[in-house]
$ cat entry_29.txt   # compact mmCIF, N, CA and C atoms and all ligand atoms
# COMPACT_ATOMS: atom_id res chain seq x y z
N MET A 267 -34.23 20.23 -0.01
CA MET A 267 -33.72 19.06 0.72
C MET A 267 -32.76 18.26 -0.14
N LYS A 268 -33.22 17.97 -1.36
CA LYS A 268 -32.39 17.18 -2.29
C LYS A 268 -31.06 17.88 -2.57
N THR A 269 -31.14 19.19 -2.76
CA THR A 269 -29.94 19.96 -3.08
C THR A 269 -28.95 19.88 -1.92
N ILE A 270 -29.50 19.98 -0.71
CA ILE A 270 -28.62 19.95 0.47
C ILE A 270 -27.89 18.61 0.56
N SER A 271 -28.62 17.51 0.38
CA SER A 271 -27.94 16.22 0.52
C SER A 271 -26.92 16.02 -0.61
N LYS A 272 -27.24 16.56 -1.78
CA LYS A 272 -26.28 16.48 -2.89
C LYS A 272 -25.01 17.24 -2.52
N PHE A 273 -25.19 18.38 -1.90
CA PHE A 273 -24.05 19.21 -1.49
C PHE A 273 -23.21 18.46 -0.46
N ILE A 274 -23.88 17.84 0.51
CA ILE A 274 -23.15 17.10 1.54
C ILE A 274 -22.38 15.94 0.91
N MET A 275 -23.01 15.23 0.00
CA MET A 275 -22.34 14.13 -0.71
C MET A 275 -21.06 14.61 -1.41
N THR A 276 -21.19 15.73 -2.09
CA THR A 276 -20.05 16.26 -2.84
C THR A 276 -18.90 16.58 -1.90
N VAL A 277 -19.22 17.23 -0.79
CA VAL A 277 -18.18 17.59 0.18
C VAL A 277 -17.54 16.32 0.75
N ALA A 278 -18.38 15.34 1.10
CA ALA A 278 -17.86 14.09 1.69
C ALA A 278 -16.94 13.39 0.70
N LEU A 279 -17.35 13.30 -0.55
CA LEU A 279 -16.52 12.65 -1.57
C LEU A 279 -15.22 13.41 -1.75
N GLY A 280 -15.30 14.72 -1.74
CA GLY A 280 -14.11 15.56 -1.89
C GLY A 280 -13.12 15.29 -0.77
N VAL A 281 -13.63 15.23 0.45
CA VAL A 281 -12.77 14.99 1.62
C VAL A 281 -12.13 13.60 1.52
N ALA A 282 -12.94 12.61 1.11
CA ALA A 282 -12.42 11.24 0.98
C ALA A 282 -11.31 11.22 -0.07
N ALA A 283 -11.55 11.85 -1.21
CA ALA A 283 -10.56 11.85 -2.29
C ALA A 283 -9.29 12.55 -1.82
N PHE A 284 -9.43 13.65 -1.11
CA PHE A 284 -8.27 14.39 -0.63
C PHE A 284 -7.48 13.56 0.37
N GLY A 285 -8.19 12.85 1.24
CA GLY A 285 -7.54 12.00 2.24
C GLY A 285 -6.66 10.96 1.58
N PHE A 286 -7.19 10.30 0.55
CA PHE A 286 -6.42 9.28 -0.17
C PHE A 286 -5.19 9.92 -0.81
N GLU A 287 -5.42 11.05 -1.44
CA GLU A 287 -4.35 11.75 -2.15
C GLU A 287 -3.22 12.08 -1.18
N ALA A 288 -3.58 12.56 0.00
CA ALA A 288 -2.57 12.97 0.97
C ALA A 288 -1.69 11.80 1.37
N LYS A 289 -2.29 10.62 1.51
CA LYS A 289 -1.51 9.45 1.93
C LYS A 289 -0.58 9.00 0.81
N ALA A 290 -1.09 9.01 -0.42
CA ALA A 290 -0.30 8.54 -1.56
C ALA A 290 0.85 9.49 -1.86
N GLU A 291 0.74 10.73 -1.38
CA GLU A 291 1.80 11.73 -1.60
C GLU A 291 3.17 11.29 -1.12
N ASP A 292 3.21 10.38 -0.13
CA ASP A 292 4.48 9.95 0.43
C ASP A 292 5.36 9.20 -0.57
N PHE A 293 4.74 8.67 -1.63
CA PHE A 293 5.50 7.81 -2.55
C PHE A 293 6.11 8.60 -3.70
N PRO A 294 7.27 8.15 -4.21
CA PRO A 294 7.87 8.82 -5.35
C PRO A 294 6.97 8.72 -6.59
N ALA A 295 7.17 9.64 -7.53
CA ALA A 295 6.27 9.79 -8.68
C ALA A 295 6.10 8.50 -9.50
N ASP A 296 7.16 7.68 -9.61
CA ASP A 296 7.02 6.48 -10.43
C ASP A 296 6.33 5.33 -9.70
N ILE A 297 6.28 5.40 -8.37
CA ILE A 297 5.72 4.32 -7.56
C ILE A 297 4.27 4.61 -7.15
N LYS A 298 3.99 5.88 -6.96
CA LYS A 298 2.66 6.30 -6.50
C LYS A 298 1.50 5.73 -7.35
N PRO A 299 1.60 5.78 -8.70
CA PRO A 299 0.48 5.25 -9.50
C PRO A 299 0.24 3.76 -9.25
N LEU A 300 1.33 3.01 -8.98
CA LEU A 300 1.17 1.57 -8.71
C LEU A 300 0.54 1.35 -7.35
N MET A 301 1.00 2.11 -6.35
CA MET A 301 0.44 2.00 -5.00
C MET A 301 -1.06 2.31 -5.04
N GLN A 302 -1.44 3.25 -5.92
CA GLN A 302 -2.86 3.62 -6.02
C GLN A 302 -3.63 2.58 -6.80
N LYS A 303 -3.06 2.13 -7.93
CA LYS A 303 -3.74 1.17 -8.79
C LYS A 303 -4.06 -0.12 -8.04
N TYR A 304 -3.09 -0.59 -7.24
CA TYR A 304 -3.30 -1.86 -6.53
C TYR A 304 -3.72 -1.66 -5.08
N THR A 305 -4.06 -0.41 -4.73
CA THR A 305 -4.59 -0.05 -3.41
C THR A 305 -3.64 -0.33 -2.23
N CYS A 306 -2.38 -0.60 -2.50
CA CYS A 306 -1.43 -0.86 -1.41
C CYS A 306 -1.43 0.29 -0.40
N PHE A 307 -1.52 1.52 -0.93
CA PHE A 307 -1.40 2.70 -0.06
C PHE A 307 -2.55 2.79 0.94
N ALA A 308 -3.65 2.08 0.68
CA ALA A 308 -4.77 2.11 1.63
C ALA A 308 -4.40 1.40 2.93
N CYS A 309 -3.42 0.51 2.88
CA CYS A 309 -3.04 -0.26 4.06
C CYS A 309 -1.60 -0.03 4.51
N HIS A 310 -0.78 0.53 3.63
CA HIS A 310 0.64 0.71 3.97
C HIS A 310 1.08 2.15 3.79
N LYS A 311 1.82 2.67 4.76
CA LYS A 311 2.48 3.96 4.62
C LYS A 311 3.98 3.70 4.60
N VAL A 312 4.75 4.73 4.25
CA VAL A 312 6.20 4.56 4.19
C VAL A 312 6.77 4.31 5.59
N ASP A 313 6.44 5.19 6.53
CA ASP A 313 7.12 5.09 7.82
C ASP A 313 6.20 5.04 9.03
N ALA A 314 4.96 4.60 8.83
CA ALA A 314 4.09 4.43 9.99
C ALA A 314 3.16 3.24 9.75
N ARG A 315 2.80 2.59 10.84
CA ARG A 315 1.87 1.47 10.76
C ARG A 315 0.50 1.99 10.33
N LEU A 316 -0.15 1.28 9.42
CA LEU A 316 -1.53 1.62 9.05
C LEU A 316 -2.32 0.34 9.32
N VAL A 317 -2.94 -0.26 8.32
CA VAL A 317 -3.53 -1.59 8.52
C VAL A 317 -2.39 -2.60 8.54
N GLY A 318 -1.46 -2.41 7.62
CA GLY A 318 -0.28 -3.26 7.54
C GLY A 318 0.94 -2.52 8.05
N PRO A 319 2.09 -3.21 8.09
CA PRO A 319 3.32 -2.59 8.59
C PRO A 319 3.83 -1.48 7.66
N ALA A 320 4.59 -0.53 8.22
CA ALA A 320 5.25 0.51 7.43
C ALA A 320 6.21 -0.16 6.46
N TYR A 321 6.32 0.37 5.25
CA TYR A 321 7.25 -0.22 4.29
C TYR A 321 8.69 -0.19 4.82
N LYS A 322 9.01 0.83 5.63
CA LYS A 322 10.36 0.88 6.21
C LYS A 322 10.60 -0.30 7.13
N ASP A 323 9.56 -0.76 7.84
CA ASP A 323 9.73 -1.93 8.71
C ASP A 323 9.85 -3.20 7.88
N VAL A 324 9.13 -3.23 6.74
CA VAL A 324 9.26 -4.38 5.84
C VAL A 324 10.71 -4.42 5.32
N ALA A 325 11.25 -3.23 4.98
CA ALA A 325 12.62 -3.15 4.44
C ALA A 325 13.64 -3.72 5.43
N LYS A 326 13.37 -3.55 6.74
CA LYS A 326 14.29 -4.04 7.76
C LYS A 326 14.43 -5.56 7.74
N LYS A 327 13.46 -6.24 7.14
CA LYS A 327 13.54 -7.70 7.09
C LYS A 327 14.52 -8.19 6.04
N LYS A 328 15.04 -7.26 5.22
CA LYS A 328 16.08 -7.60 4.22
C LYS A 328 15.65 -8.71 3.27
N TYR A 329 14.41 -8.63 2.81
CA TYR A 329 13.94 -9.61 1.82
C TYR A 329 14.60 -9.33 0.47
N SER A 330 14.66 -10.36 -0.37
CA SER A 330 15.09 -10.16 -1.76
C SER A 330 13.86 -9.67 -2.55
N VAL A 331 14.11 -9.14 -3.75
CA VAL A 331 13.01 -8.71 -4.61
C VAL A 331 12.06 -9.88 -4.88
N ASP A 332 12.64 -11.04 -5.21
CA ASP A 332 11.81 -12.22 -5.50
C ASP A 332 10.93 -12.60 -4.32
N LYS A 333 11.49 -12.48 -3.12
CA LYS A 333 10.75 -12.85 -1.92
C LYS A 333 9.53 -11.92 -1.74
N ILE A 334 9.75 -10.62 -1.95
CA ILE A 334 8.63 -9.68 -1.80
C ILE A 334 7.58 -9.91 -2.89
N VAL A 335 8.04 -10.17 -4.11
CA VAL A 335 7.09 -10.47 -5.19
C VAL A 335 6.23 -11.67 -4.79
N ALA A 336 6.86 -12.69 -4.22
CA ALA A 336 6.13 -13.88 -3.78
C ALA A 336 5.17 -13.55 -2.64
N LEU A 337 5.62 -12.68 -1.72
CA LEU A 337 4.78 -12.34 -0.56
C LEU A 337 3.57 -11.49 -0.96
N ILE A 338 3.70 -10.70 -2.03
CA ILE A 338 2.55 -9.90 -2.48
C ILE A 338 1.45 -10.84 -2.99
N ALA A 339 1.87 -11.87 -3.74
CA ALA A 339 0.89 -12.82 -4.27
C ALA A 339 0.39 -13.79 -3.20
N LYS A 340 1.28 -14.06 -2.21
CA LYS A 340 0.92 -15.04 -1.18
C LYS A 340 1.52 -14.60 0.16
N PRO A 341 0.82 -13.67 0.84
CA PRO A 341 1.36 -13.16 2.12
C PRO A 341 1.47 -14.28 3.17
N GLN A 342 2.40 -14.06 4.10
CA GLN A 342 2.60 -14.99 5.21
C GLN A 342 2.30 -14.24 6.51
N PRO A 343 1.04 -14.21 6.92
CA PRO A 343 0.67 -13.40 8.10
C PRO A 343 1.48 -13.73 9.34
N SER A 344 2.04 -14.95 9.43
CA SER A 344 2.82 -15.32 10.62
C SER A 344 4.09 -14.47 10.73
N ASN A 345 4.50 -13.79 9.63
CA ASN A 345 5.66 -12.89 9.69
C ASN A 345 5.34 -11.62 10.48
N TRP A 346 4.05 -11.31 10.65
CA TRP A 346 3.65 -10.05 11.29
C TRP A 346 2.63 -10.30 12.39
N PRO A 347 3.08 -10.84 13.53
CA PRO A 347 2.15 -11.07 14.64
C PRO A 347 1.51 -9.75 15.06
N GLY A 348 0.23 -9.79 15.37
CA GLY A 348 -0.44 -8.57 15.82
C GLY A 348 -1.07 -7.78 14.69
N TYR A 349 -0.87 -8.22 13.44
CA TYR A 349 -1.51 -7.56 12.30
C TYR A 349 -2.59 -8.48 11.73
N PRO A 350 -3.62 -7.89 11.10
CA PRO A 350 -4.57 -8.77 10.40
C PRO A 350 -3.87 -9.34 9.18
N PRO A 351 -4.32 -10.46 8.64
CA PRO A 351 -3.63 -11.01 7.45
C PRO A 351 -3.87 -10.14 6.22
N MET A 352 -2.83 -9.98 5.40
CA MET A 352 -2.99 -9.26 4.14
C MET A 352 -3.64 -10.20 3.12
N ALA A 353 -4.57 -9.66 2.34
CA ALA A 353 -5.21 -10.47 1.29
C ALA A 353 -4.20 -10.72 0.18
N PRO A 354 -4.15 -11.93 -0.39
CA PRO A 354 -3.24 -12.17 -1.52
C PRO A 354 -3.58 -11.23 -2.68
N MET A 355 -2.56 -10.55 -3.23
CA MET A 355 -2.80 -9.60 -4.31
C MET A 355 -2.38 -10.25 -5.63
N THR A 356 -3.16 -11.20 -6.09
CA THR A 356 -2.79 -11.95 -7.30
C THR A 356 -3.05 -11.14 -8.58
N ASN A 357 -3.65 -9.95 -8.41
CA ASN A 357 -3.94 -9.10 -9.58
C ASN A 357 -2.75 -8.23 -9.97
N VAL A 358 -1.64 -8.31 -9.23
CA VAL A 358 -0.48 -7.48 -9.56
C VAL A 358 0.44 -8.24 -10.51
N PRO A 359 0.62 -7.77 -11.76
CA PRO A 359 1.52 -8.47 -12.67
C PRO A 359 2.95 -8.46 -12.14
N LYS A 360 3.71 -9.49 -12.47
CA LYS A 360 5.08 -9.64 -11.96
C LYS A 360 5.90 -8.36 -12.17
N GLU A 361 5.80 -7.79 -13.36
CA GLU A 361 6.57 -6.59 -13.70
C GLU A 361 6.33 -5.45 -12.70
N ASP A 362 5.06 -5.24 -12.34
CA ASP A 362 4.74 -4.18 -11.38
C ASP A 362 5.14 -4.58 -9.97
N ALA A 363 4.97 -5.85 -9.64
CA ALA A 363 5.35 -6.33 -8.31
C ALA A 363 6.86 -6.13 -8.10
N VAL A 364 7.65 -6.36 -9.16
CA VAL A 364 9.11 -6.17 -9.06
C VAL A 364 9.41 -4.71 -8.77
N LYS A 365 8.71 -3.79 -9.45
CA LYS A 365 8.94 -2.35 -9.20
C LYS A 365 8.61 -2.00 -7.75
N LEU A 366 7.48 -2.52 -7.26
CA LEU A 366 7.08 -2.23 -5.88
C LEU A 366 8.11 -2.82 -4.91
N ALA A 367 8.56 -4.03 -5.19
CA ALA A 367 9.51 -4.71 -4.31
C ALA A 367 10.84 -3.94 -4.26
N LYS A 368 11.32 -3.49 -5.44
CA LYS A 368 12.59 -2.76 -5.47
C LYS A 368 12.48 -1.47 -4.68
N TYR A 369 11.32 -0.83 -4.78
CA TYR A 369 11.11 0.40 -4.02
C TYR A 369 11.11 0.10 -2.51
N ILE A 370 10.40 -0.96 -2.11
CA ILE A 370 10.30 -1.27 -0.68
C ILE A 370 11.69 -1.57 -0.10
N ILE A 371 12.49 -2.39 -0.80
CA ILE A 371 13.80 -2.72 -0.22
C ILE A 371 14.77 -1.55 -0.25
N SER A 372 14.46 -0.52 -1.06
CA SER A 372 15.35 0.65 -1.11
C SER A 372 15.15 1.57 0.09
N LEU A 373 14.08 1.35 0.86
CA LEU A 373 13.77 2.24 1.99
C LEU A 373 14.69 1.97 3.17
N LYS A 374 15.06 3.04 3.87
CA LYS A 374 15.91 2.85 5.04
C LYS A 374 15.36 3.67 6.20
C1 LIG A 401 -6.17 -4.58 2.87
C2 LIG A 401 -4.92 -4.10 3.38
C3 LIG A 401 -3.65 -4.36 2.57
C4 LIG A 401 -3.42 -4.09 1.24
C5 LIG A 401 -4.41 -3.53 0.22
C6 LIG A 401 -2.05 -4.42 1.00
N1 LIG A 401 -1.46 -4.88 2.14
FE1 LIG A 401 0.48 -5.49 2.35
N2 LIG A 401 0.10 -6.09 4.25
C7 LIG A 401 -1.08 -5.86 4.93
C8 LIG A 401 -0.98 -6.47 6.27
C9 LIG A 401 -2.08 -6.44 7.32
C10 LIG A 401 0.30 -7.06 6.34
C11 LIG A 401 0.91 -7.83 7.54
C12 LIG A 401 0.29 -9.20 7.67
C13 LIG A 401 0.61 -10.11 6.53
O1 LIG A 401 1.76 -10.08 6.02
O2 LIG A 401 -0.27 -10.87 6.13
C14 LIG A 401 0.95 -6.78 5.06
C15 LIG A 401 2.26 -7.18 4.73
C16 LIG A 401 2.93 -6.80 3.58
C17 LIG A 401 4.31 -7.11 3.29
C18 LIG A 401 5.26 -7.89 4.19
C19 LIG A 401 5.11 -9.37 3.95
C20 LIG A 401 5.91 -10.22 4.94
O3 LIG A 401 5.58 -11.40 5.05
O4 LIG A 401 6.83 -9.73 5.58
C21 LIG A 401 4.60 -6.56 2.06
C22 LIG A 401 5.93 -6.62 1.31
C23 LIG A 401 3.39 -5.93 1.59
N3 LIG A 401 2.40 -6.09 2.52
C24 LIG A 401 3.29 -5.25 0.40
C25 LIG A 401 2.08 -4.83 -0.15
C26 LIG A 401 1.94 -4.32 -1.50
C27 LIG A 401 3.09 -4.07 -2.47
C28 LIG A 401 0.62 -4.08 -1.70
C29 LIG A 401 -0.08 -3.63 -2.98
C30 LIG A 401 0.18 -4.49 -4.14
C31 LIG A 401 -0.06 -4.42 -0.45
N4 LIG A 401 0.85 -4.87 0.46
C32 LIG A 401 -1.42 -4.29 -0.23
C33 LIG A 401 -2.19 -5.22 4.45
C34 LIG A 401 -2.41 -4.86 3.13

$ encode --input "entry_29.txt" --output "structure tokens"
Amino acid sequence: MKTISKFIMTVALGVAAFGFEAKAEDFPADIKPLMQKYTCFACHKVDARLVGPAYKDVAKKKYSVDKIVALIAKPQPSNWPGYPPMAPMTNVPKEDAVKLAKYIISLK
């Protein structure tokens, strides 16, 4: 019995890990580790709505890098009616936030 549940756990964890990996695959090699480290990829995809808007839709708003850096630390949910509010990500250092912001505005 114990062995079976251990086996099921292992398979479930493997599937979960693979699922995350597949989503993060969309990002370029230099951005992917940041999206994973700060869990952005759990809520955002490049070109489809997930929990939050697609990064391509964010890019359409033509924000400056500084504006996106500010929005990561202090989101403005009123900019995205119909979405749940994003939690403020105050754990992202400015340097990394700038990299993420430059990547987001580069999307078309
Ligand atoms: C728990 C889910 C979640 C996580 C994690 C998350 N976001 Fe969001 N994000 C959202 C949602 C939902 C919105 C739309 C509502 C809002 O802006 O509050 C959003 C909006 C945004 C916007 C648009 C802001 C605006 O006002 O137009 C940007 C840019 C953004 N996220 C970047 C990021 C980055 C970069 C990370 C990682 C550091 C991240 N998000 C992590 C859910 C998330």

$ residues_near_ligand --input "entry_29.txt" --ligand "ligand LIG 401 (chain A)" --cutoff "7 Å" --atoms "only N, CA and C atoms and all ligand atoms" --output "NGL selection string"
:A and (300-301 or 304-310 or 317-319 or 324 or 334-335 or 337-338 or 341-347 or 349-353 or 355 or 358 or 363 or 366-367)

$ atom_distance --input "entry_29.txt" --atom1 "atom C of Glu291 in chain A" --atom2 "CA of Thr356 in chain A"
24.8 Å

$ residues_around --input "entry_29.txt" --residues "Ile297 in chain A" --least-positions-apart "5" --cutoff "8 Å" --atoms "all atoms listed in the file" --output "VMD selection string"
chain A and resid 290 302 to 303 365 to 366 369

$ atom_distance --input "entry_29.txt" --atom1 "CA of Asn357 in chain A" --atom2 "CA of Pro294 in chain A"
21.9 Å

$ atom_distance --input "entry_29.txt" --atom1 "CA of Ala325 in chain A" --atom2 "CA of Ile371 in chain A"
4.8 Å

$ axis_aligned_box --input "entry_29.txt" --around "range 347-366 of chain A" --padding-each-side "5 Å" --output "lines of an AutoDock Vina configuration file"
center_x = 2.1
center_y = -7.1
center_z = 1.1
size_x = 24.6
size_y = 20.2
size_z = 39.5

$ closest_residue --input "entry_29.txt" --among "A:Ile370, A:Lys360, A:Asp292, A:Lys340" --to "Lys328 in chain A" --atoms "only C-alpha atoms"
A:Ile370

$ build_atoms --input "entry_29.txt" --residues "range 299-310 of chain A" --atoms "all heavy atoms" --output "PDB file, in the frame of the given file"
ATOM      1  N   PRO A 299       1.600   5.780  -8.700  1.00  0.00           N
ATOM      2  CA  PRO A 299       0.480   5.250  -9.500  1.00  0.00           C
ATOM      3  C   PRO A 299       0.240   3.760  -9.250  1.00  0.00           C
ATOM      4  O   PRO A 299      -0.899   3.308  -9.278  1.00  0.00           O
ATOM      5  CB  PRO A 299       0.900   5.485 -10.951  1.00  0.00           C
ATOM      6  CG  PRO A 299       2.036   6.437 -10.917  1.00  0.00           C
ATOM      7  CD  PRO A 299       2.656   6.357  -9.552  1.00  0.00           C
ATOM      8  N   LEU A 300       1.330   3.010  -8.980  1.00  0.00           N
ATOM      9  CA  LEU A 300       1.170   1.570  -8.710  1.00  0.00           C
ATOM     10  C   LEU A 300       0.540   1.350  -7.350  1.00  0.00           C
ATOM     11  O   LEU A 300      -0.331   0.498  -7.178  1.00  0.00           O
ATOM     12  CB  LEU A 300       2.534   0.865  -8.780  1.00  0.00           C
ATOM     13  CG  LEU A 300       3.253   0.893 -10.128  1.00  0.00           C
ATOM     14  CD1 LEU A 300       4.605   0.186 -10.017  1.00  0.00           C
ATOM     15  CD2 LEU A 300       2.408   0.241 -11.205  1.00  0.00           C
ATOM     16  N   MET A 301       1.000   2.110  -6.350  1.00  0.00           N
ATOM     17  CA  MET A 301       0.440   2.000  -5.000  1.00  0.00           C
ATOM     18  C   MET A 301      -1.060   2.310  -5.040  1.00  0.00           C
ATOM     19  O   MET A 301      -1.842   1.726  -4.293  1.00  0.00           O
ATOM     20  CB  MET A 301       1.138   2.968  -4.048  1.00  0.00           C
ATOM     21  CG  MET A 301       2.582   2.614  -3.751  1.00  0.00           C
ATOM     22  SD  MET A 301       2.715   1.151  -2.716  1.00  0.00           S
ATOM     23  CE  MET A 301       4.491   0.984  -2.568  1.00  0.00           C
ATOM     24  N   GLN A 302      -1.440   3.250  -5.920  1.00  0.00           N
ATOM     25  CA  GLN A 302      -2.860   3.620  -6.020  1.00  0.00           C
ATOM     26  C   GLN A 302      -3.630   2.580  -6.800  1.00  0.00           C
ATOM     27  O   GLN A 302      -4.704   2.145  -6.383  1.00  0.00           O
ATOM     28  CB  GLN A 302      -2.991   4.992  -6.696  1.00  0.00           C
ATOM     29  CG  GLN A 302      -2.539   6.109  -5.770  1.00  0.00           C
ATOM     30  CD  GLN A 302      -2.595   7.480  -6.440  1.00  0.00           C
ATOM     31  OE1 GLN A 302      -2.177   7.641  -7.581  1.00  0.00           O
ATOM     32  NE2 GLN A 302      -3.104   8.458  -5.734  1.00  0.00           N
ATOM     33  N   LYS A 303      -3.060   2.130  -7.930  1.00  0.00           N
ATOM     34  CA  LYS A 303      -3.740   1.170  -8.790  1.00  0.00           C
ATOM     35  C   LYS A 303      -4.060  -0.120  -8.040  1.00  0.00           C
ATOM     36  O   LYS A 303      -5.139  -0.670  -8.180  1.00  0.00           O
ATOM     37  CB  LYS A 303      -2.843   0.875 -10.001  1.00  0.00           C
ATOM     38  CG  LYS A 303      -3.454  -0.048 -11.020  1.00  0.00           C
ATOM     39  CD  LYS A 303      -2.587  -0.092 -12.263  1.00  0.00           C
ATOM     40  CE  LYS A 303      -3.102  -1.109 -13.250  1.00  0.00           C
ATOM     41  NZ  LYS A 303      -2.115  -1.343 -14.317  1.00  0.00           N
ATOM     42  N   TYR A 304      -3.090  -0.590  -7.240  1.00  0.00           N
ATOM     43  CA  TYR A 304      -3.300  -1.860  -6.530  1.00  0.00           C
ATOM     44  C   TYR A 304      -3.720  -1.660  -5.080  1.00  0.00           C
ATOM     45  O   TYR A 304      -3.691  -2.614  -4.290  1.00  0.00           O
ATOM     46  CB  TYR A 304      -2.012  -2.705  -6.623  1.00  0.00           C
ATOM     47  CG  TYR A 304      -1.613  -2.961  -8.058  1.00  0.00           C
ATOM     48  CD1 TYR A 304      -0.421  -2.471  -8.568  1.00  0.00           C
ATOM     49  CD2 TYR A 304      -2.478  -3.640  -8.917  1.00  0.00           C
ATOM     50  CE1 TYR A 304      -0.078  -2.679  -9.891  1.00  0.00           C
ATOM     51  CE2 TYR A 304      -2.140  -3.831 -10.253  1.00  0.00           C
ATOM     52  CZ  TYR A 304      -0.939  -3.359 -10.730  1.00  0.00           C
ATOM     53  OH  TYR A 304      -0.611  -3.547 -12.048  1.00  0.00           O
ATOM     54  N   THR A 305      -4.060  -0.410  -4.730  1.00  0.00           N
ATOM     55  CA  THR A 305      -4.590  -0.050  -3.410  1.00  0.00           C
ATOM     56  C   THR A 305      -3.640  -0.330  -2.230  1.00  0.00           C
ATOM     57  O   THR A 305      -4.076  -0.289  -1.089  1.00  0.00           O
ATOM     58  CB  THR A 305      -5.963  -0.700  -3.112  1.00  0.00           C
ATOM     59  OG1 THR A 305      -5.822  -2.112  -2.967  1.00  0.00           O
ATOM     60  CG2 THR A 305      -6.985  -0.395  -4.205  1.00  0.00           C
ATOM     61  N   CYS A 306      -2.380  -0.600  -2.500  1.00  0.00           N
ATOM     62  CA  CYS A 306      -1.430  -0.860  -1.410  1.00  0.00           C
ATOM     63  C   CYS A 306      -1.430   0.290  -0.400  1.00  0.00           C
ATOM     64  O   CYS A 306      -1.329   0.075   0.805  1.00  0.00           O
ATOM     65  CB  CYS A 306      -0.001  -0.985  -1.931  1.00  0.00           C
ATOM     66  SG  CYS A 306       0.172  -1.881  -3.474  1.00  0.00           S
ATOM     67  N   PHE A 307      -1.520   1.520  -0.930  1.00  0.00           N
ATOM     68  CA  PHE A 307      -1.400   2.700  -0.060  1.00  0.00           C
ATOM     69  C   PHE A 307      -2.550   2.790   0.940  1.00  0.00           C
ATOM     70  O   PHE A 307      -2.434   3.489   1.942  1.00  0.00           O
ATOM     71  CB  PHE A 307      -1.347   3.977  -0.908  1.00  0.00           C
ATOM     72  CG  PHE A 307      -2.691   4.375  -1.451  1.00  0.00           C
ATOM     73  CD1 PHE A 307      -3.392   5.415  -0.867  1.00  0.00           C
ATOM     74  CD2 PHE A 307      -3.237   3.707  -2.528  1.00  0.00           C
ATOM     75  CE1 PHE A 307      -4.639   5.781  -1.362  1.00  0.00           C
ATOM     76  CE2 PHE A 307      -4.484   4.067  -3.020  1.00  0.00           C
ATOM     77  CZ  PHE A 307      -5.188   5.100  -2.439  1.00  0.00           C
ATOM     78  N   ALA A 308      -3.650   2.080   0.680  1.00  0.00           N
ATOM     79  CA  ALA A 308      -4.770   2.110   1.630  1.00  0.00           C
ATOM     80  C   ALA A 308      -4.400   1.400   2.930  1.00  0.00           C
ATOM     81  O   ALA A 308      -4.975   1.668   3.975  1.00  0.00           O
ATOM     82  CB  ALA A 308      -6.009   1.483   1.000  1.00  0.00           C
ATOM     83  N   CYS A 309      -3.420   0.510   2.880  1.00  0.00           N
ATOM     84  CA  CYS A 309      -3.040  -0.260   4.060  1.00  0.00           C
ATOM     85  C   CYS A 309      -1.600  -0.030   4.510  1.00  0.00           C
ATOM     86  O   CYS A 309      -1.233  -0.443   5.596  1.00  0.00           O
ATOM     87  CB  CYS A 309      -3.232  -1.745   3.794  1.00  0.00           C
ATOM     88  SG  CYS A 309      -4.954  -2.218   3.565  1.00  0.00           S
ATOM     89  N   HIS A 310      -0.780   0.530   3.630  1.00  0.00           N
ATOM     90  CA  HIS A 310       0.640   0.710   3.970  1.00  0.00           C
ATOM     91  C   HIS A 310       1.080   2.150   3.790  1.00  0.00           C
ATOM     92  O   HIS A 310       0.796   2.764   2.760  1.00  0.00           O
ATOM     93  CB  HIS A 310       1.541  -0.132   3.057  1.00  0.00           C
ATOM     94  CG  HIS A 310       1.385  -1.609   3.241  1.00  0.00           C
ATOM     95  ND1 HIS A 310       1.976  -2.303   4.271  1.00  0.00           N
ATOM     96  CD2 HIS A 310       0.722  -2.537   2.516  1.00  0.00           C
ATOM     97  CE1 HIS A 310       1.676  -3.593   4.157  1.00  0.00           C
ATOM     98  NE2 HIS A 310       0.916  -3.759   3.110  1.00  0.00           N
TER      99      HIS A 310
END
